[in-house]
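This report concerns only the one structure given below.
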Amino acid sequence: MGNEKRSSFTGKIGFVLAAAGSAVGLGNIWRFPYLAAQYGGGIFLLTYLVLAVTFGFALMSAEIALGRKTGLSVVGAFAKLNKKYSFVGYLAALVPAIILPYYSVIGGWVMKYMFAFATENVGTIAGASYFGDFIGSALPPIGWFAIFIGLTALIVLFGVEKGIEKVSKIMMPILIVLTIGISIFVITRPGAGEGVYYYLVPDFSKFSIKTVLGAMGQLFYSMSLAMGIMVTYGSYMKKDVSIEKSVSQIEIFDTGIAFLAGLMVVPGVFAFGTAADIKANGPGLMFGVLPRVFENLGTAGQIVGLVFFLMVFFAALTSSISLMETVVSVICDKFKLKRIPACLCVFVFCMVVGLPSCFGFSIWSAVKPIGMDILTFFDFITNNVMMPIVAFFTCIFVGYVIKPKAIIEEVELTGRFKRKSLFTVVIKYIAPICIVLILVSSVLNALSDVVPALKMFKI
C-alpha cells in the first residue's frame, strides 16, 4: 500500500460523503442529544456551533492536509514530516484500535433493536427489563457484535472506492432522509413544543465552563478528530479536490445530523418522557428511554422505532468502517500487508478485545475499573484522555514544528485558503489551551467520582 499504488476516492463527492459518514455516528445520535439536554439545550447548541466552525474547522483541515500531503496513514504521516513526532501517529492509531471493538459492541445492540422492532411488539421492547435482560445475557450480545464487526470488515475488505465510497454514497443520503423524516414527525407531536423551545432557544443564564468543555469534548467524538481517521481519509484524497470546501461540507453534514438528532430526541422525551428521562445518558437514553417514547406513539411507534434504529445502524456502520480502515491502513503501510490479511487481523483483534465489553454487563459485571463499567472505561480513556492528548500534540506539531505554512500550502493547491488567518490563530494559540483545559477537567471529574477529597476540583 505504498504511495504510488495507494487507493483514492473517485472525487469530491465520494470523499465528502465518506468523511461525513465517518463523522456521523453514534456520537451524533445519542451523545449529542443527551449532552444538549444536560447542558441547557439552546445554549449548548450555540456553543457547539461556534466551536465547530473555529476549533473543529482548524483541526480537521490540519489532519486532512497532513494525510494528503504525505499520502500515508497516520503513523507514516507524522514520521515522514518529523521522525521525532512519530509517537503522535502511534497514539492516534491506538485510539481507533481501542474504540472499534467496544463501538462495535454497541453497533450490535443497535442491530438487535432494529431486528426487534421488525419482529417483536413495541410494548415488549419498551419493557423496563428488556434492555437489561439483553445486555445481561452472555451469548446474544456476542452474536450481534460478531455480525456487526463482520459486516464492517466485509465492506473495508472491498477497499476505498468499491467498498467505503460506494457504501457511503448509498447510506449517507438515506440517513439524511430518515433523520429529517423522524425529526418532522416528532416535533409535530402534541407536547413537543416545549422541548423544541428548550432545544433551540439559548438561555444564557445556563452558560458555564461546563457548557464549553462539554461541547468541545463532543466535538472530538462527533467529528472524528484526533483518532487518525481524517489523516487516513486525507491520504486517499486527490490533489484537485479543495480541502477547505470539503471540510466545510463535512461540518455541515455532521453538525446537521447532530442538530436533527437532538431535534427528534429532546422534544420527543419532553412530550412522552419524564424529567429523569431528559437527563438520561448513553445507552440509557437510546435503548431504555426512546423505546418507551415510541410505545406512546401508538400504532405508529412500531414503524418509527424500526426506522429510527435503521438510521442509527447506518450511522454506526459508516463510523465503524472509518475506524477499521484507519487501523487497516496503518497495518498495510507499516507491515506491507495486503488488504485481505490486514482486515482479517483487525477482525480477529476486535473479536478478542470486544469480549470484555460484551461481558461487561453480565458475567464480568462486578469488574469496574475506577468505578466504571468496562465499556465506559474504554470510552473514558479514548475520548477524555487519549484524544485530547493527540489533538494537543497535533496542534503543537502543525503550529510550531512543521509550521502552519506547510498546511496552508497544501490547502492552497486548489485555490486561496480563505480562512487561513483563523486556522493559524486557532491551531497555534486557542486550540492547545482549550485542549489542556478539557484534559485536566476530564481527569479531575473522573477522579473526583472515586476520590471524595477531589470533589472540590470537579468542574
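By order in the C-alpha cells, chains are A, B, ...; within a chain, residues start at 1; ligands start at 1, following the order shown.
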So which residues of region 274-446 of chain A fall under alpha helix (DSSP H) by DSSP, listed as number ranges by chain?
A: 275-278, 283, 290-295, 300-335, 339-359, 374-379, 387-396, 404-411, 420-425, 431-446
Would you mind listing, for every residue of region 260-358 of chain A within 8 Å of region 170-176 of chain A, the two atoms forming the shortest contact and the distance between them in Å to one decimal, using only C-alpha atoms, sorted by chain and ascending residue number, as a tab-separated table?
```
residue	atom	partner	partner_atom	distance
A:Met311	CA	A:Leu175	CA	5.5
A:Phe314	CA	A:Met171	CA	6.2
A:Ala315	CA	A:Leu175	CA	7.2
A:Thr318	CA	A:Met171	CA	8.0
```
What separation in Å, quoted to one decimal, exists between CA of Lys420 (chain A) and CA of Glu244 (chain A)?
9.5 Å
Could you check how far CA of Ile257 (chain A) sits from CA of Trp30 (chain A), in Å to one decimal?
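Separation of CA of Ile257 (chain A) and CA of Trp30 (chain A): 11.3 Å.
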Selection near region 286-302 of chain A, 6 Å with only C-alpha atoms, sequence-local residues under 3 positions removed, as a compact mmCIF listing (two decimals) with N, CA, C and O atoms, in the first residue's frame:
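Output saved as result-v9.txt:
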```
# COMPACT_ATOMS: atom_id res chain seq x y z
N VAL A 122 -43.83 -3.52 20.10
CA VAL A 122 -43.15 -2.37 20.69
C VAL A 122 -43.34 -2.34 22.21
O VAL A 122 -42.46 -1.89 22.95
N ALA A 126 -40.29 -1.97 24.92
CA ALA A 126 -40.29 -0.83 25.84
C ALA A 126 -40.36 -1.27 27.30
O ALA A 126 -40.32 -0.42 28.20
N PHE A 272 -43.13 12.74 25.71
CA PHE A 272 -43.58 11.43 26.16
C PHE A 272 -42.83 10.89 27.38
O PHE A 272 -43.16 9.82 27.88
N PRO A 283 -26.47 4.66 26.71
CA PRO A 283 -27.39 3.57 26.40
C PRO A 283 -28.74 3.74 27.08
O PRO A 283 -29.77 3.33 26.55
N GLY A 305 -39.99 3.31 15.41
CA GLY A 305 -38.87 2.67 16.10
C GLY A 305 -37.96 1.92 15.14
O GLY A 305 -36.73 2.00 15.24
```
Given the choices A:Leu178, A:Asn82, A:Phe134, A:Asn121, which gets closest to Leu310 (chain A) if the distance is worked out from only C-alpha atoms?
A:Leu178
Report, in Å to a single decimal, how far apart CA of Thr414 (chain A) and CA of Lys238 (chain A) are.
10.6 Å
Output as a tab-separated table one row per residue of region 164-244 of chain A within 9 Å of region 426-437 of chain A: the closest atom pair and its distance in Å to one decimal place, counting only C-alpha atoms, sorted by chain and residue number ascending.
```
residue	atom	partner	partner_atom	distance
A:Leu213	CA	A:Leu437	CA	7.8
A:Met216	CA	A:Ile435	CA	8.3
A:Gly217	CA	A:Ile435	CA	8.9
```
What lies within 10 Å of Gly234 (chain A) using only C-alpha atoms, ignoring chain neighbours under 5 positions off, as a PyMOL selection string?
chain A and resi 8-9+15+19+60-74+228-229+239+243
Residues from the last selection, C-alpha atoms, saved as a compact mmCIF listing (two decimals), in the first residue's frame:
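Generated output (selection_6.txt):
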```txt
# COMPACT_ATOMS: atom_id res chain seq x y z
CA SER A 8 -8.12 7.06 -3.69
CA PHE A 9 -11.66 8.36 -3.65
CA PHE A 15 -14.53 11.91 -0.22
CA ALA A 19 -15.62 11.53 5.65
CA MET A 60 -9.95 18.84 10.64
CA SER A 61 -8.22 20.92 7.96
CA ALA A 62 -4.85 20.16 9.52
CA GLU A 63 -5.48 16.41 9.71
CA ILE A 64 -6.80 16.05 6.16
CA ALA A 65 -3.93 18.16 4.79
CA LEU A 66 -1.36 16.05 6.69
CA GLY A 67 -2.79 12.91 5.10
CA ARG A 68 -2.92 14.28 1.56
CA LYS A 69 0.49 15.93 1.81
CA THR A 70 2.21 12.67 2.78
CA GLY A 71 -0.08 10.12 1.11
CA LEU A 72 0.38 7.88 4.16
CA SER A 73 -1.57 6.52 7.10
CA VAL A 74 -1.46 8.45 10.38
CA GLY A 228 -6.21 9.22 12.72
CA ILE A 229 -9.35 8.91 10.61
CA LYS A 239 -4.88 16.80 -5.21
CA ILE A 243 -9.70 20.78 1.35
```
Kindly assemble as a tab-separated table a list of the region 52-110 of chain A residues that lie within 10 Å of region 354-358 of chain A, each paired with its nearest atom pair and their distance in Å to one decimal, using only C-alpha atoms, sorted first by chain and then by ascending residue number.
```
residue	atom	partner	partner_atom	distance
A:Ile98	CA	A:Gly354	CA	9.1
A:Ile99	CA	A:Gly354	CA	9.5
A:Leu100	CA	A:Gly354	CA	8.3
A:Pro101	CA	A:Gly354	CA	4.5
A:Tyr102	CA	A:Gly354	CA	5.5
A:Tyr103	CA	A:Gly354	CA	8.7
A:Ser104	CA	A:Gly354	CA	7.8
A:Val105	CA	A:Cys358	CA	6.4
A:Ile106	CA	A:Cys358	CA	8.9
A:Gly108	CA	A:Cys358	CA	9.7
A:Trp109	CA	A:Cys358	CA	10.0
```
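Using only C-alpha atoms, the smallest distance between any of A:Gly14, A:Gly132, A:Gly25, A:Gly56 and Val160 (chain A) comes from A:Gly14.
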Of A:Thr152, A:Gln249, A:Thr424, A:Thr326, the one sitting nearest Phe347 (chain A) when using only C-alpha atoms is A:Thr152
Nearest to Ser224 (chain A), chosen from A:Gly163, A:Gly123, A:Gly27, A:Gly11, with only C-alpha atoms counted in the distances:
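Of A:Gly163, A:Gly123, A:Gly27, A:Gly11, the one nearest Ser224 (chain A), counting only C-alpha atoms, is A:Gly27.
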Find the residues near Leu157 (chain A): any atom within 8 Å, counting only C-alpha atoms, skip ones fewer than 6 places away on the same chain, and give them as a list in words.
Gly163, Arg339, Ile340 and Cys343 of chain A
Show which residues sit within 12 Å of region 32-35 of chain A, as a PyMOL selection string. Count only C-alpha atoms, and ignore same-chain residues fewer than 5 positions away.
chain A and resi 24-27+40-45+47-48+195+198-199+210-223+254-269+276-286+289-290
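Minimum atom-to-atom distances from A:Val425, A:Val167, A:Leu323, A:Ile147 to Met230 (chain A) were compared using only C-alpha atoms, and the lowest value belongs to A:Leu323.
When only C-alpha atoms are used to measure the gap to Phe55 (chain A), the shortest distance among A:Leu91, A:Phe423, A:Ser329, A:Leu413 belongs to A:Phe423.
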